[in-house]
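What follows is a single structure, written as structure tokens, with notes after it.
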Amino acid sequence: MPVRNRFAERLPEIAAWRQDFHAHPELHFECHRTAGIVAGKLRAFGCDEVVEGIGVTGLVGLIHGRKRSSGRVIGLRADMDALPIHEATGKPYASIHHGKMHACGHDGHTAMLLGAAEYLAETRNFDGTVAVIFQPAEEGGAGAKVMCDAGLMARFGIDEVYAMHNRPGHPLGEFNIRAGAFYAACDEFRITVEGKGGHAAKPHATYDPTLAASHLILALQSVASRNADPTENIVLSVCGVRSHSEAFNVIPQRVELRGTIRTHDAALRRRAEERLHQISSATALAFGAQAEIEFLTGYPVMVNHPDETEIARTIALQVSGQCLEAGFNMGGEDFGYMLLERPGAYIVLGAGAGPGLHHPEYDFNDEIIPYGCSWFVGVAEAQMPL
């Protein structure tokens, strides 16, 4: 089952859908236009049922096969939301909304799943039901969790669930996947270091929170270098520093640090949080200051189920002949919430050369659309054969 000719023929139109989504990006749960277009197309394709408003702007289309004797339901998921980035591609279909951009390719994921849905509704060459899931708020809003909390899996009787992400910088059409932990748990922290501010000419009369925060930035790197086994995966990054004074001659009262911790192991995740608190409090105290720590628990580790990973791998090999073992990815992916509720797998698809994800010059490569559509269809038909 190589790339299906149908998708090569339909590429110009599916790409046009993608480029329209690209020009009209929507953030978080505000995917009203995108969801409305998706719902309209699913109905036009002849989906047996289209249910909107699951998880705010999420929606599900149900496509019944020629037979339903298996009683099985396979879920296929695509994310719809964009990022708060100012686009710099110069494309004719560039974002018309300043400061919003499809810089992660969710426009392409949505278009590929729509293309697969159209094909599945036409052919219905399976025994069971396909649930095509269009999800908002993957970029920081945990839209997958919100949809699951709204009863997604039980309401539609979903047995297994699968998803895909494009990967620029990897050969076009080359799939990558791994069983077990794949994408990292992503937690965030905010540390407010409070000292005693004053005039910059009299530092001896202050407890300088800027100095304490500077030492803390360095000390926190010991969480990865000295508190984790070198064979474990962990990234701790302080990504922002903000002083509560903008004057050149004022030692501020407070300095705020913001950052993220990414891990693949639950025990290490807990240990990193503990050390964050201990190191922050002790380092601030050493300089006469105090640290207030806010730890924001984020997405879980995304864990691919072994049997379903092999299914995803087999279909990928049939589609392109290329499916390599993926390494650990320190990025976050809220599809992990769906994989906590049902067995399934997540695969990445090489998109060729070009700017990386979340870059202002990134653009989804439309040439991979036939690969993605074929993979979605292949998984559904393989798991529910006639």
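By order in the structure tokens, chains are A, B, ...; within a chain, residues start at 1; ligands start at 1, following the order shown.
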Residue neighbourhood A:Arg68, 8 Å, only C-alpha atoms, exclusion window fewer than 4 positions, as a ChimeraX atom specification: /A:64,72,127-129
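When DSSP is run on the backbone, the residues of stretch 45-150 of chain A that fall into alpha helix (DSSP H) are Phe45, His106, Asp107, Gly108, His109, Thr110, Ala111, Met112, Leu113, Leu114, Gly115, Ala116, Ala117, Glu118, Tyr119, Leu120, Ala121, Glu122, Thr123, Gly143, Ala144, Lys145, Val146, Met147, Cys148 and Asp149 of chain A.
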Best match for closeness to A:Phe189 among A:Glu256, A:Glu160, A:Glu361, A:Asp81, counting only C-alpha atoms: A:Glu256
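Near A:Asp229, within 10 Å and counting only C-alpha atoms, sit Ala224, Ile234 and Leu268 of chain A; same-chain residues fewer than 5 positions away were not included.
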For the residues selected in the previous step, produce a file with C-alpha atoms as an mmCIF file, in the first residue's frame.
data_model
loop_
_atom_site.group_PDB
_atom_site.id
_atom_site.type_symbol
_atom_site.label_atom_id
_atom_site.label_comp_id
_atom_site.auth_asym_id
_atom_site.auth_seq_id
_atom_site.Cartn_x
_atom_site.Cartn_y
_atom_site.Cartn_z
ATOM 1 C CA ALA A 224 20.431 18.123 35.284
ATOM 2 C CA ILE A 234 16.137 16.012 31.429
ATOM 3 C CA LEU A 268 12.922 12.155 37.820
#
From A:Ser374, A:Thr206, A:Ser222, A:Gln278, residue lying nearest A:Ala116 [only C-alpha atoms]: A:Ser374
Give me, as a Markdown table, each residue of stretch 86-189 of chain A that comes within 6 Å of stretch 324-334 of chain A, together with its shortest interatomic pair and the distance in Å at one decimal, counting only C-alpha atoms, with rows ordered by chain and rising residue number.
| residue | atom | partner | partner_atom | distance |
| --- | --- | --- | --- | --- |
| A:Ala142 | CA | A:Asp334 | CA | 5.8 |
| A:Ala144 | CA | A:Asp334 | CA | 5.8 |
| A:Asn176 | CA | A:Leu324 | CA | 4.8 |
| A:Ile177 | CA | A:Ala326 | CA | 4.9 |
| A:Arg178 | CA | A:Ala326 | CA | 5.3 |
| A:Phe182 | CA | A:Phe328 | CA | 5.2 |
| A:Tyr183 | CA | A:Asn329 | CA | 4.8 |
| A:Ala184 | CA | A:Met330 | CA | 4.9 |
| A:Cys186 | CA | A:Gly332 | CA | 5.7 |
Strand (DSSP E or B) residues, from DSSP on the backbone, in stretch 73-266 of chain A, as a VMD selection string: chain A and resid 73 to 79 82 to 83 101 127 129 to 135 160 to 167 175 to 177 180 to 183 185 to 194 196 198 to 199 207 234 to 243 250 to 251 254 to 263
Could you build a table of the residues in stretch 70-103 of chain A lying no more than 9 Å from stretch 26-39 of chain A, giving for each the nearest pair of atoms and their separation in Å rounded to one decimal place, using only C-alpha atoms, ordered by chain and ascending residue number, as CSV?
residue,atom,partner,partner_atom,distance
A:Met80,CA,A:Cys31,CA,7.1
A:Asp81,CA,A:Leu27,CA,5.2
A:Ala82,CA,A:Leu27,CA,5.1
A:Leu83,CA,A:Leu27,CA,6.2
A:Pro84,CA,A:Leu27,CA,7.2
A:His97,CA,A:Glu26,CA,8.7
A:Lys100,CA,A:Glu26,CA,7.1
A:Met101,CA,A:Glu26,CA,8.0
A:His102,CA,A:Glu26,CA,8.4
Keeping only C-alpha atoms, write the selected residues to a file as a short mmCIF file (atom, residue, chain, number, x, y, z; two decimals), in the first residue's frame.
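New file out_4.cif:
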data_model
loop_
_atom_site.label_atom_id
_atom_site.label_comp_id
_atom_site.auth_asym_id
_atom_site.auth_seq_id
_atom_site.Cartn_x
_atom_site.Cartn_y
_atom_site.Cartn_z
CA MET A 80 -5.94 22.85 14.60
CA ASP A 81 -4.41 25.76 16.56
CA ALA A 82 -1.65 28.19 15.66
CA LEU A 83 1.04 30.05 17.63
CA PRO A 84 1.48 33.68 18.80
CA HIS A 97 -3.60 38.17 11.53
CA LYS A 100 -0.57 34.81 14.85
CA MET A 101 0.95 32.11 12.66
CA HIS A 102 0.73 28.42 11.83
#
Neighbour list for A:His199 as a list in words, cut-off 8 Å, only C-alpha atoms, skip fewer than 2 positions in-chain: Gly197, Ala201, Lys202, Pro203, Asn249, Val250 and Ile251 of chain A
Just C-alpha atoms for this one: save the residues we selected as a short mmCIF file (atom, residue, chain, number, x, y, z; two decimals), in the first residue's frame.
data_model
loop_
_atom_site.label_atom_id
_atom_site.label_comp_id
_atom_site.auth_asym_id
_atom_site.auth_seq_id
_atom_site.Cartn_x
_atom_site.Cartn_y
_atom_site.Cartn_z
CA GLY A 197 15.83 47.22 46.87
CA ALA A 201 25.15 53.63 44.44
CA LYS A 202 24.52 52.02 47.85
CA PRO A 203 24.39 48.26 47.20
CA ASN A 249 20.21 53.22 38.89
CA VAL A 250 17.78 51.17 41.00
CA ILE A 251 18.40 47.78 42.60
#
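Around A:Ile279, within 9 Å and counting only C-alpha atoms, the residues found are Leu216, Ala219, Leu220, Val223, Glu274, Arg275, Leu276, Ala282, Thr283 and Ala284 of chain A, once anything fewer than 3 positions away on its own chain is removed.
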For A:Val303, the nearest of the candidates A:Ala247, A:Ala185, A:Val193, A:Val238, counting only C-alpha atoms: A:Ala185
Between atom CA of A:His305 and atom CA of A:Tyr346 - distance in Å to one decimal: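 Result for atom CA of A:Tyr346 versus atom CA of A:His305: 9.2 Å, one decimal.
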Option closest in space to A:Ala351, from A:Ile311, A:Met112, A:Leu172, A:Cys239 [counting only C-alpha atoms]: A:Leu172
Among listed residues A:Val241, A:Ala316, A:Met147, A:Ile369, nearest A:Tyr337 (using only C-alpha atoms):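 Of A:Val241, A:Ala316, A:Met147, A:Ile369, the one nearest A:Tyr337, counting only C-alpha atoms, is A:Met147.
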Shell of 12 Å around A:Ile63, only C-alpha atoms, local chain residues under 2 positions omitted, as JSON, numbers by chain: {"A": [42, 43, 45, 46, 47, 48, 49, 50, 51, 60, 61, 65, 66, 67, 68, 72, 73, 74, 75, 76, 116, 117, 118, 119, 120, 121, 122, 123, 124, 125, 126, 127, 128, 129, 130, 131, 132, 133, 156, 377, 380]}
